[in-house]
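Just data.pdb here, PDB, C-alpha atoms:
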```pdb
ATOM      1  CA  MET A   1     221.821  86.448  81.110  1.00  0.00           C
ATOM      2  CA  ASP A   2     219.335  86.047  78.292  1.00  0.00           C
ATOM      3  CA  GLN A   3     220.000  82.978  76.185  1.00  0.00           C
ATOM      4  CA  LEU A   4     218.358  82.026  72.955  1.00  0.00           C
ATOM      5  CA  ARG A   5     216.295  78.893  73.397  1.00  0.00           C
ATOM      6  CA  VAL A   6     214.894  76.530  70.778  1.00  0.00           C
ATOM      7  CA  GLU A   7     211.412  77.400  71.996  1.00  0.00           C
ATOM      8  CA  ASP A   8     212.102  81.048  71.152  1.00  0.00           C
ATOM      9  CA  LEU A   9     212.640  80.095  67.503  1.00  0.00           C
ATOM     10  CA  LYS A  10     209.314  78.294  67.169  1.00  0.00           C
ATOM     11  CA  GLY A  11     206.035  79.921  66.362  1.00  0.00           C
ATOM     12  CA  ASP A  12     205.315  83.440  65.221  1.00  0.00           C
ATOM     13  CA  PRO A  13     208.410  85.679  65.160  1.00  0.00           C
ATOM     14  CA  LEU A  14     206.269  88.655  66.141  1.00  0.00           C
ATOM     15  CA  SER A  15     205.268  86.993  69.403  1.00  0.00           C
ATOM     16  CA  ASN A  16     208.893  87.156  70.595  1.00  0.00           C
ATOM     17  CA  PRO A  17     210.170  90.540  69.398  1.00  0.00           C
ATOM     18  CA  PRO A  18     213.835  91.385  69.967  1.00  0.00           C
ATOM     19  CA  PRO A  19     214.670  93.567  72.940  1.00  0.00           C
ATOM     20  CA  PRO A  20     214.413  97.314  72.297  1.00  0.00           C
ATOM     21  CA  PRO A  21     217.610  99.235  71.533  1.00  0.00           C
ATOM     22  CA  PRO A  22     219.328 100.875  74.477  1.00  0.00           C
ATOM     23  CA  SER A  23     217.880 104.231  75.441  1.00  0.00           C
ATOM     24  CA  SER A  24     219.737 107.451  74.756  1.00  0.00           C
ATOM     25  CA  LEU A  25     220.348 107.765  78.506  1.00  0.00           C
ATOM     26  CA  ALA A  26     222.177 104.421  78.510  1.00  0.00           C
ATOM     27  CA  LEU A  27     224.299 105.564  75.576  1.00  0.00           C
ATOM     28  CA  GLN A  28     225.231 108.783  77.374  1.00  0.00           C
ATOM     29  CA  CYS A  29     226.601 106.794  80.308  1.00  0.00           C
ATOM     30  CA  GLU A  30     229.068 104.823  78.176  1.00  0.00           C
ATOM     31  CA  GLU A  31     232.737 105.668  78.458  1.00  0.00           C
ATOM     32  CA  VAL A  32     234.218 107.628  75.559  1.00  0.00           C
ATOM     33  CA  LEU A  33     237.532 106.150  74.495  1.00  0.00           C
ATOM     34  CA  PRO A  34     240.406 108.227  73.145  1.00  0.00           C
ATOM     35  CA  VAL A  35     241.300 107.935  69.471  1.00  0.00           C
ATOM     36  CA  ALA A  36     244.073 105.415  68.907  1.00  0.00           C
ATOM     37  CA  GLU A  37     247.414 106.729  67.706  1.00  0.00           C
ATOM     38  CA  THR A  38     248.253 106.150  64.071  1.00  0.00           C
ATOM     39  CA  LEU A  39     251.270 104.005  63.450  1.00  0.00           C
ATOM     40  CA  ASP A  40     254.109 105.376  61.360  1.00  0.00           C
ATOM     41  CA  ALA A  41     254.824 103.524  58.155  1.00  0.00           C
ATOM     42  CA  ARG A  42     257.493 100.904  58.602  1.00  0.00           C
ATOM     43  CA  VAL A  43     260.811 102.004  57.183  1.00  0.00           C
ATOM     44  CA  LEU A  44     262.383  99.366  54.970  1.00  0.00           C
ATOM     45  CA  SER A  45     266.023  98.526  55.399  1.00  0.00           C
ATOM     46  CA  PRO A  46     268.328  99.125  52.406  1.00  0.00           C
ATOM     47  CA  GLU A  47     268.414  95.355  51.787  1.00  0.00           C
ATOM     48  CA  GLU A  48     264.588  95.158  51.828  1.00  0.00           C
ATOM     49  CA  GLN A  49     264.381  98.143  49.465  1.00  0.00           C
ATOM     50  CA  ARG A  50     266.850  96.488  47.068  1.00  0.00           C
ATOM     51  CA  ARG A  51     264.924  93.193  47.123  1.00  0.00           C
ATOM     52  CA  LEU A  52     261.644  95.008  46.539  1.00  0.00           C
ATOM     53  CA  ALA A  53     263.141  96.969  43.625  1.00  0.00           C
ATOM     54  CA  ASP A  54     264.569  93.754  42.133  1.00  0.00           C
ATOM     55  CA  GLN A  55     261.210  92.020  42.454  1.00  0.00           C
ATOM     56  CA  GLU A  56     259.419  94.940  40.804  1.00  0.00           C
ATOM     57  CA  GLU A  57     261.958  95.045  37.956  1.00  0.00           C
ATOM     58  CA  ASN A  58     261.586  91.284  37.402  1.00  0.00           C
ATOM     59  CA  THR A  59     257.806  91.628  37.258  1.00  0.00           C
ATOM     60  CA  LEU A  60     258.059  94.499  34.781  1.00  0.00           C
ATOM     61  CA  ARG A  61     260.564  92.525  32.682  1.00  0.00           C
ATOM     62  CA  GLU A  62     258.117  89.606  32.518  1.00  0.00           C
ATOM     63  CA  LEU A  63     255.363  92.023  31.518  1.00  0.00           C
ATOM     64  CA  ARG A  64     257.519  93.492  28.731  1.00  0.00           C
ATOM     65  CA  LEU A  65     258.396  90.030  27.414  1.00  0.00           C
ATOM     66  CA  PHE A  66     254.746  89.089  27.398  1.00  0.00           C
ATOM     67  CA  LEU A  67     253.632  92.325  25.713  1.00  0.00           C
ATOM     68  CA  ARG A  68     256.345  91.975  23.053  1.00  0.00           C
ATOM     69  CA  ASP A  69     255.089  88.480  22.266  1.00  0.00           C
ATOM     70  CA  VAL A  70     251.459  89.618  21.974  1.00  0.00           C
ATOM     71  CA  THR A  71     252.434  92.600  19.822  1.00  0.00           C
ATOM     72  CA  ARG A  72     254.624  90.452  17.566  1.00  0.00           C
ATOM     73  CA  ARG A  73     251.779  87.953  17.086  1.00  0.00           C
ATOM     74  CA  LEU A  74     249.399  90.739  16.148  1.00  0.00           C
ATOM     75  CA  ALA A  75     251.914  92.359  13.774  1.00  0.00           C
ATOM     76  CA  VAL A  76     252.627  89.154  11.832  1.00  0.00           C
ATOM     77  CA  ASP A  77     248.963  88.223  11.473  1.00  0.00           C
ATOM     78  CA  LYS A  78     248.082  89.164   7.884  1.00  0.00           C
ATOM     79  CA  ARG A  79     244.626  90.350   8.944  1.00  0.00           C
ATOM     80  CA  PHE A  80     246.204  93.108  11.036  1.00  0.00           C
ATOM     81  CA  ASN A  81     249.183  93.984   8.853  1.00  0.00           C
ATOM     82  CA  ILE A  82     247.650  97.396   8.177  1.00  0.00           C
ATOM     83  CA  PHE A  83     248.139  98.279  11.859  1.00  0.00           C
ATOM     84  CA  SER A  84     251.834  97.328  11.984  1.00  0.00           C
ATOM     85  CA  LYS A  85     253.193 100.739  10.840  1.00  0.00           C
ATOM     86  CA  PRO A  86     252.009 104.334  11.265  1.00  0.00           C
ATOM     87  CA  VAL A  87     249.546 105.635   8.705  1.00  0.00           C
ATOM     88  CA  ASP A  88     251.390 107.198   5.755  1.00  0.00           C
ATOM     89  CA  ILE A  89     250.340 110.863   5.890  1.00  0.00           C
ATOM     90  CA  GLU A  90     251.398 111.420   2.264  1.00  0.00           C
ATOM     91  CA  GLU A  91     249.041 108.655   1.213  1.00  0.00           C
ATOM     92  CA  VAL A  92     246.198 109.639   3.573  1.00  0.00           C
ATOM     93  CA  SER A  93     246.563 113.412   3.842  1.00  0.00           C
ATOM     94  CA  ASP A  94     243.494 114.089   6.009  1.00  0.00           C
ATOM     95  CA  TYR A  95     244.265 111.393   8.599  1.00  0.00           C
ATOM     96  CA  LEU A  96     245.633 113.791  11.235  1.00  0.00           C
ATOM     97  CA  GLU A  97     242.625 116.077  10.777  1.00  0.00           C
ATOM     98  CA  VAL A  98     240.339 113.224  11.827  1.00  0.00           C
ATOM     99  CA  ILE A  99     242.556 111.299  14.275  1.00  0.00           C
ATOM    100  CA  ARG A 100     244.077 113.312  17.120  1.00  0.00           C
ATOM    101  CA  GLN A 101     246.212 110.532  18.608  1.00  0.00           C
ATOM    102  CA  PRO A 102     247.517 108.043  16.037  1.00  0.00           C
ATOM    103  CA  MET A 103     248.655 104.614  17.250  1.00  0.00           C
ATOM    104  CA  ASP A 104     250.065 101.523  15.567  1.00  0.00           C
ATOM    105  CA  LEU A 105     251.819  98.302  16.566  1.00  0.00           C
ATOM    106  CA  SER A 106     255.347  99.590  15.858  1.00  0.00           C
ATOM    107  CA  THR A 107     254.700 102.515  18.212  1.00  0.00           C
ATOM    108  CA  VAL A 108     253.360 100.048  20.779  1.00  0.00           C
ATOM    109  CA  MET A 109     256.552  97.992  20.424  1.00  0.00           C
ATOM    110  CA  THR A 110     258.672 101.132  20.906  1.00  0.00           C
ATOM    111  CA  LYS A 111     256.712 101.975  24.052  1.00  0.00           C
ATOM    112  CA  ILE A 112     257.328  98.442  25.355  1.00  0.00           C
ATOM    113  CA  ASP A 113     261.063  98.736  24.669  1.00  0.00           C
ATOM    114  CA  THR A 114     261.295 102.155  26.335  1.00  0.00           C
ATOM    115  CA  HIS A 115     259.477 100.896  29.458  1.00  0.00           C
ATOM    116  CA  LYS A 116     256.409 103.105  28.993  1.00  0.00           C
ATOM    117  CA  TYR A 117     253.966 100.358  29.999  1.00  0.00           C
ATOM    118  CA  LEU A 118     253.875  99.731  33.738  1.00  0.00           C
ATOM    119  CA  THR A 119     250.699  97.661  33.588  1.00  0.00           C
ATOM    120  CA  ALA A 120     248.966  95.468  31.056  1.00  0.00           C
ATOM    121  CA  ASN A 121     246.076  97.907  31.128  1.00  0.00           C
ATOM    122  CA  ASP A 122     248.363 100.675  29.792  1.00  0.00           C
ATOM    123  CA  PHE A 123     249.095  98.403  26.822  1.00  0.00           C
ATOM    124  CA  LEU A 124     245.404  97.609  26.331  1.00  0.00           C
ATOM    125  CA  VAL A 125     244.565 101.311  26.231  1.00  0.00           C
ATOM    126  CA  ASP A 126     246.847 101.673  23.200  1.00  0.00           C
ATOM    127  CA  ILE A 127     245.414  98.545  21.547  1.00  0.00           C
ATOM    128  CA  ASP A 128     241.961 100.019  22.084  1.00  0.00           C
ATOM    129  CA  LEU A 129     243.197 103.303  20.594  1.00  0.00           C
ATOM    130  CA  ILE A 130     244.291 101.478  17.426  1.00  0.00           C
ATOM    131  CA  CYS A 131     240.780 100.001  17.139  1.00  0.00           C
ATOM    132  CA  SER A 132     238.923 103.217  17.858  1.00  0.00           C
ATOM    133  CA  ASN A 133     241.113 105.207  15.442  1.00  0.00           C
ATOM    134  CA  ALA A 134     240.418 102.703  12.662  1.00  0.00           C
ATOM    135  CA  LEU A 135     236.690 102.764  13.334  1.00  0.00           C
ATOM    136  CA  GLU A 136     236.613 106.556  13.563  1.00  0.00           C
ATOM    137  CA  TYR A 137     238.499 107.121  10.309  1.00  0.00           C
ATOM    138  CA  ASN A 138     236.730 104.302   8.433  1.00  0.00           C
ATOM    139  CA  PRO A 139     233.268 104.152  10.003  1.00  0.00           C
ATOM    140  CA  ASP A 140     231.483 102.316   7.163  1.00  0.00           C
ATOM    141  CA  LYS A 141     234.368 100.949   5.118  1.00  0.00           C
ATOM    142  CA  ASP A 142     235.108  97.753   7.024  1.00  0.00           C
ATOM    143  CA  PRO A 143     232.730  94.931   6.081  1.00  0.00           C
ATOM    144  CA  SER A 144     235.072  92.260   7.474  1.00  0.00           C
ATOM    145  CA  GLY A 145     235.151  93.691  10.992  1.00  0.00           C
ATOM    146  CA  THR A 146     238.969  93.703  10.992  1.00  0.00           C
ATOM    147  CA  HIS A 147     239.348  96.958  12.913  1.00  0.00           C
ATOM    148  CA  GLY A 148     237.562  95.721  15.999  1.00  0.00           C
ATOM    149  CA  GLY A 149     239.036  92.261  15.463  1.00  0.00           C
ATOM    150  CA  ILE A 150     242.495  93.226  16.685  1.00  0.00           C
ATOM    151  CA  LYS A 151     241.018  93.513  20.159  1.00  0.00           C
ATOM    152  CA  VAL A 152     239.344  90.133  19.842  1.00  0.00           C
ATOM    153  CA  LEU A 153     242.553  88.532  18.585  1.00  0.00           C
ATOM    154  CA  ALA A 154     244.586  90.018  21.448  1.00  0.00           C
ATOM    155  CA  MET A 155     242.187  88.684  24.100  1.00  0.00           C
ATOM    156  CA  PRO A 156     243.245  84.989  24.040  1.00  0.00           C
ATOM    157  CA  TYR A 157     246.875  86.032  24.441  1.00  0.00           C
ATOM    158  CA  LEU A 158     246.036  88.227  27.407  1.00  0.00           C
ATOM    159  CA  HIS A 159     243.505  86.019  29.182  1.00  0.00           C
ATOM    160  CA  PRO A 160     245.752  83.558  31.086  1.00  0.00           C
ATOM    161  CA  ILE A 161     248.009  86.186  32.643  1.00  0.00           C
ATOM    162  CA  PRO A 162     247.161  86.804  36.312  1.00  0.00           C
ATOM    163  CA  PHE A 163     247.891  90.533  36.327  1.00  0.00           C
ATOM    164  CA  ILE A 164     245.379  91.174  33.554  1.00  0.00           C
ATOM    165  CA  VAL A 165     242.101  92.467  34.905  1.00  0.00           C
ATOM    166  CA  HIS A 166     239.099  91.878  32.665  1.00  0.00           C
ATOM    167  CA  TYR A 167     239.388  94.785  30.299  1.00  0.00           C
ATOM    168  CA  PHE A 168     237.130  93.901  27.396  1.00  0.00           C
TER     169      PHE A 168
END
```
Let me see whether you can do it: turn the structure in this file into structure tokens.
Amino acid sequence: MDQLRVEDLKGDPLSNPPPPPPSSLALQCEEVLPVAETLDARVLSPEEQRRLADQEENTLRELRLFLRDVTRRLAVDKRFNIFSKPVDIEEVSDYLEVIRQPMDLSTVMTKIDTHKYLTANDFLVDIDLICSNALEYNPDKDPSGTHGGIKVLAMPYLHPIPFIVHYF
């Protein structure tokens, strides 16, 4: 049996080249093994299914509580008050011609309450939509940077939660 010796490690590595790969004849002589059977998925007992469903519902409840808190904080912040209700179409008649998918914080809150968000990322997509709609409709009218700021303000609230993947 060939063993690696300390002497083999000294000197020029090219003076002790590794052994050549096995020849194709040696590979042809190897035994071909049959493909292993695939295992059927384990069937959960009714009790295990109930516990799993309860755990999932608890996780989603925690997510909804968290998202409500973030949305409430954004809605009460005076800098983002303009995003708290849908755009008044009577006041801004061309809004729906420019924006195909309107979004606001009250709609976000309704989606939270009706269990439309199954992940934090779903919520963040709507927050991003609020920002992009504002920037699309008002491309040069926002010197304060408020439209993009809603995303920045939401980030500290979202950062410590473990199920939030880096979105921004």
Q | Separation of atom CA of Leu63 of chain A from atom CA of Phe83 of chain A, in Å and rounded to one decimal | A |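 Interatomic distance here is 21.9 Å.
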Q | Long-range neighbours of Pro102 of chain A as a PyMOL selection string, 12 Å cut-off, all atoms listed in the file, 3 positions minimum in chain | A | chain A and resi 83+85-89+95-99+105-108+126-134+136-137
Store the residues picked out above, limited to C-alpha atoms, as a PDB file, in the frame of the given file.
```
ATOM      1  CA  PHE A  83     248.139  98.279  11.859  1.00  0.00           C
ATOM      2  CA  LYS A  85     253.193 100.739  10.840  1.00  0.00           C
ATOM      3  CA  PRO A  86     252.009 104.334  11.265  1.00  0.00           C
ATOM      4  CA  VAL A  87     249.546 105.635   8.705  1.00  0.00           C
ATOM      5  CA  ASP A  88     251.390 107.198   5.755  1.00  0.00           C
ATOM      6  CA  ILE A  89     250.340 110.863   5.890  1.00  0.00           C
ATOM      7  CA  TYR A  95     244.265 111.393   8.599  1.00  0.00           C
ATOM      8  CA  LEU A  96     245.633 113.791  11.235  1.00  0.00           C
ATOM      9  CA  GLU A  97     242.625 116.077  10.777  1.00  0.00           C
ATOM     10  CA  VAL A  98     240.339 113.224  11.827  1.00  0.00           C
ATOM     11  CA  ILE A  99     242.556 111.299  14.275  1.00  0.00           C
ATOM     12  CA  LEU A 105     251.819  98.302  16.566  1.00  0.00           C
ATOM     13  CA  SER A 106     255.347  99.590  15.858  1.00  0.00           C
ATOM     14  CA  THR A 107     254.700 102.515  18.212  1.00  0.00           C
ATOM     15  CA  VAL A 108     253.360 100.048  20.779  1.00  0.00           C
ATOM     16  CA  ASP A 126     246.847 101.673  23.200  1.00  0.00           C
ATOM     17  CA  ILE A 127     245.414  98.545  21.547  1.00  0.00           C
ATOM     18  CA  ASP A 128     241.961 100.019  22.084  1.00  0.00           C
ATOM     19  CA  LEU A 129     243.197 103.303  20.594  1.00  0.00           C
ATOM     20  CA  ILE A 130     244.291 101.478  17.426  1.00  0.00           C
ATOM     21  CA  CYS A 131     240.780 100.001  17.139  1.00  0.00           C
ATOM     22  CA  SER A 132     238.923 103.217  17.858  1.00  0.00           C
ATOM     23  CA  ASN A 133     241.113 105.207  15.442  1.00  0.00           C
ATOM     24  CA  ALA A 134     240.418 102.703  12.662  1.00  0.00           C
ATOM     25  CA  GLU A 136     236.613 106.556  13.563  1.00  0.00           C
ATOM     26  CA  TYR A 137     238.499 107.121  10.309  1.00  0.00           C
TER      27      TYR A 137
END
```
Q: Report the residues retrieved by the PyMOL selection byres ((chain A and resi 69) around 12) from the displayed file, expressed as a VMD selection string.
A: chain A and resid 62 to 68 70 to 76 105 108 to 109 112 154 157 to 158
Q) Expressed in Å to a single decimal, how great is the separation between atom CA of Phe123 of chain A and atom CA of Phe80 of chain A? A)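 A separation of 16.9 Å between them.
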Q) Nearest to Tyr117 of chain A: which of A:Leu60, A:Ile82, A:Leu52, A:Val92 is it, counting all atoms listed in the file? A)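 Comparing A:Leu60, A:Ile82, A:Leu52, A:Val92 against Tyr117 of chain A, the winner is A:Leu60.
The spacing separating atom CA of Asn58 of chain A from atom CA of Asp113 of chain A amounts to 14.8 Å.
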Q. Hey, which of A:Ala41, A:Glu47, A:Arg61, A:Pro139 ends up closest to Lys116 of chain A? Count all atoms listed in the file.
A. A:Arg61
Test item: write segment 73-139 of chain A with C-alpha atoms as a PDB file, in the first residue's frame:
```pdb
ATOM      1  CA  ARG A  73     -45.544  52.627  12.443  1.00  0.00           C
ATOM      2  CA  LEU A  74     -45.209  53.642   8.815  1.00  0.00           C
ATOM      3  CA  ALA A  75     -48.794  54.947   8.640  1.00  0.00           C
ATOM      4  CA  VAL A  76     -48.471  57.175  11.720  1.00  0.00           C
ATOM      5  CA  ASP A  77     -45.132  58.640  10.657  1.00  0.00           C
ATOM      6  CA  LYS A  78     -45.989  62.107   9.319  1.00  0.00           C
ATOM      7  CA  ARG A  79     -43.378  61.793   6.569  1.00  0.00           C
ATOM      8  CA  PHE A  80     -45.324  58.903   5.039  1.00  0.00           C
ATOM      9  CA  ASN A  81     -48.876  60.040   5.745  1.00  0.00           C
ATOM     10  CA  ILE A  82     -49.450  60.472   2.012  1.00  0.00           C
ATOM     11  CA  PHE A  83     -49.108  56.694   1.582  1.00  0.00           C
ATOM     12  CA  SER A  84     -51.652  55.779   4.277  1.00  0.00           C
ATOM     13  CA  LYS A  85     -54.750  55.900   2.000  1.00  0.00           C
ATOM     14  CA  PRO A  86     -55.350  55.165  -1.688  1.00  0.00           C
ATOM     15  CA  VAL A  87     -54.753  58.004  -4.115  1.00  0.00           C
ATOM     16  CA  ASP A  88     -57.941  60.041  -4.595  1.00  0.00           C
ATOM     17  CA  ILE A  89     -58.776  59.533  -8.282  1.00  0.00           C
ATOM     18  CA  GLU A  90     -61.055  62.597  -8.308  1.00  0.00           C
ATOM     19  CA  GLU A  91     -58.138  64.704  -7.143  1.00  0.00           C
ATOM     20  CA  VAL A  92     -55.525  63.033  -9.378  1.00  0.00           C
ATOM     21  CA  SER A  93     -57.530  62.009 -12.439  1.00  0.00           C
ATOM     22  CA  ASP A  94     -54.647  60.634 -14.529  1.00  0.00           C
ATOM     23  CA  TYR A  95     -53.182  58.458 -11.756  1.00  0.00           C
ATOM     24  CA  LEU A  96     -54.612  55.172 -13.071  1.00  0.00           C
ATOM     25  CA  GLU A  97     -53.371  55.984 -16.575  1.00  0.00           C
ATOM     26  CA  VAL A  98     -49.806  56.095 -15.251  1.00  0.00           C
ATOM     27  CA  ILE A  99     -49.941  53.537 -12.413  1.00  0.00           C
ATOM     28  CA  ARG A 100     -51.248  50.082 -13.313  1.00  0.00           C
ATOM     29  CA  GLN A 101     -51.211  48.608  -9.802  1.00  0.00           C
ATOM     30  CA  PRO A 102     -51.914  51.151  -7.054  1.00  0.00           C
ATOM     31  CA  MET A 103     -50.837  50.314  -3.495  1.00  0.00           C
ATOM     32  CA  ASP A 104     -51.059  52.094  -0.154  1.00  0.00           C
ATOM     33  CA  LEU A 105     -50.655  51.262   3.533  1.00  0.00           C
ATOM     34  CA  SER A 106     -54.388  50.782   4.195  1.00  0.00           C
ATOM     35  CA  THR A 107     -54.503  48.196   1.399  1.00  0.00           C
ATOM     36  CA  VAL A 108     -51.420  46.552   2.904  1.00  0.00           C
ATOM     37  CA  MET A 109     -53.178  46.421   6.285  1.00  0.00           C
ATOM     38  CA  THR A 110     -56.258  44.848   4.665  1.00  0.00           C
ATOM     39  CA  LYS A 111     -54.055  42.227   3.015  1.00  0.00           C
ATOM     40  CA  ILE A 112     -52.472  41.460   6.402  1.00  0.00           C
ATOM     41  CA  ASP A 113     -55.896  41.082   8.025  1.00  0.00           C
ATOM     42  CA  THR A 114     -57.184  38.830   5.234  1.00  0.00           C
ATOM     43  CA  HIS A 115     -54.106  36.569   5.468  1.00  0.00           C
ATOM     44  CA  LYS A 116     -52.781  37.417   1.999  1.00  0.00           C
ATOM     45  CA  TYR A 117     -49.153  37.593   3.152  1.00  0.00           C
ATOM     46  CA  LEU A 118     -47.599  34.181   3.730  1.00  0.00           C
ATOM     47  CA  THR A 119     -44.054  35.524   3.901  1.00  0.00           C
ATOM     48  CA  ALA A 120     -42.390  38.770   4.856  1.00  0.00           C
ATOM     49  CA  ASN A 121     -41.151  39.022   1.291  1.00  0.00           C
ATOM     50  CA  ASP A 122     -44.766  39.197   0.034  1.00  0.00           C
ATOM     51  CA  PHE A 123     -45.227  42.228   2.296  1.00  0.00           C
ATOM     52  CA  LEU A 124     -41.972  43.802   1.099  1.00  0.00           C
ATOM     53  CA  VAL A 125     -43.072  43.455  -2.519  1.00  0.00           C
ATOM     54  CA  ASP A 126     -46.076  45.669  -1.743  1.00  0.00           C
ATOM     55  CA  ILE A 127     -43.936  48.170   0.190  1.00  0.00           C
ATOM     56  CA  ASP A 128     -41.630  48.300  -2.818  1.00  0.00           C
ATOM     57  CA  LEU A 129     -44.675  48.803  -5.056  1.00  0.00           C
ATOM     58  CA  ILE A 130     -45.708  51.849  -3.000  1.00  0.00           C
ATOM     59  CA  CYS A 131     -42.213  53.303  -3.513  1.00  0.00           C
ATOM     60  CA  SER A 132     -41.987  52.532  -7.209  1.00  0.00           C
ATOM     61  CA  ASN A 133     -45.494  53.896  -7.869  1.00  0.00           C
ATOM     62  CA  ALA A 134     -44.613  57.161  -6.126  1.00  0.00           C
ATOM     63  CA  LEU A 135     -41.367  57.488  -8.051  1.00  0.00           C
ATOM     64  CA  GLU A 136     -43.031  56.613 -11.354  1.00  0.00           C
ATOM     65  CA  TYR A 137     -45.877  59.107 -10.958  1.00  0.00           C
ATOM     66  CA  ASN A 138     -43.678  61.852  -9.467  1.00  0.00           C
ATOM     67  CA  PRO A 139     -40.267  61.294 -11.057  1.00  0.00           C
TER      68      PRO A 139
END
```
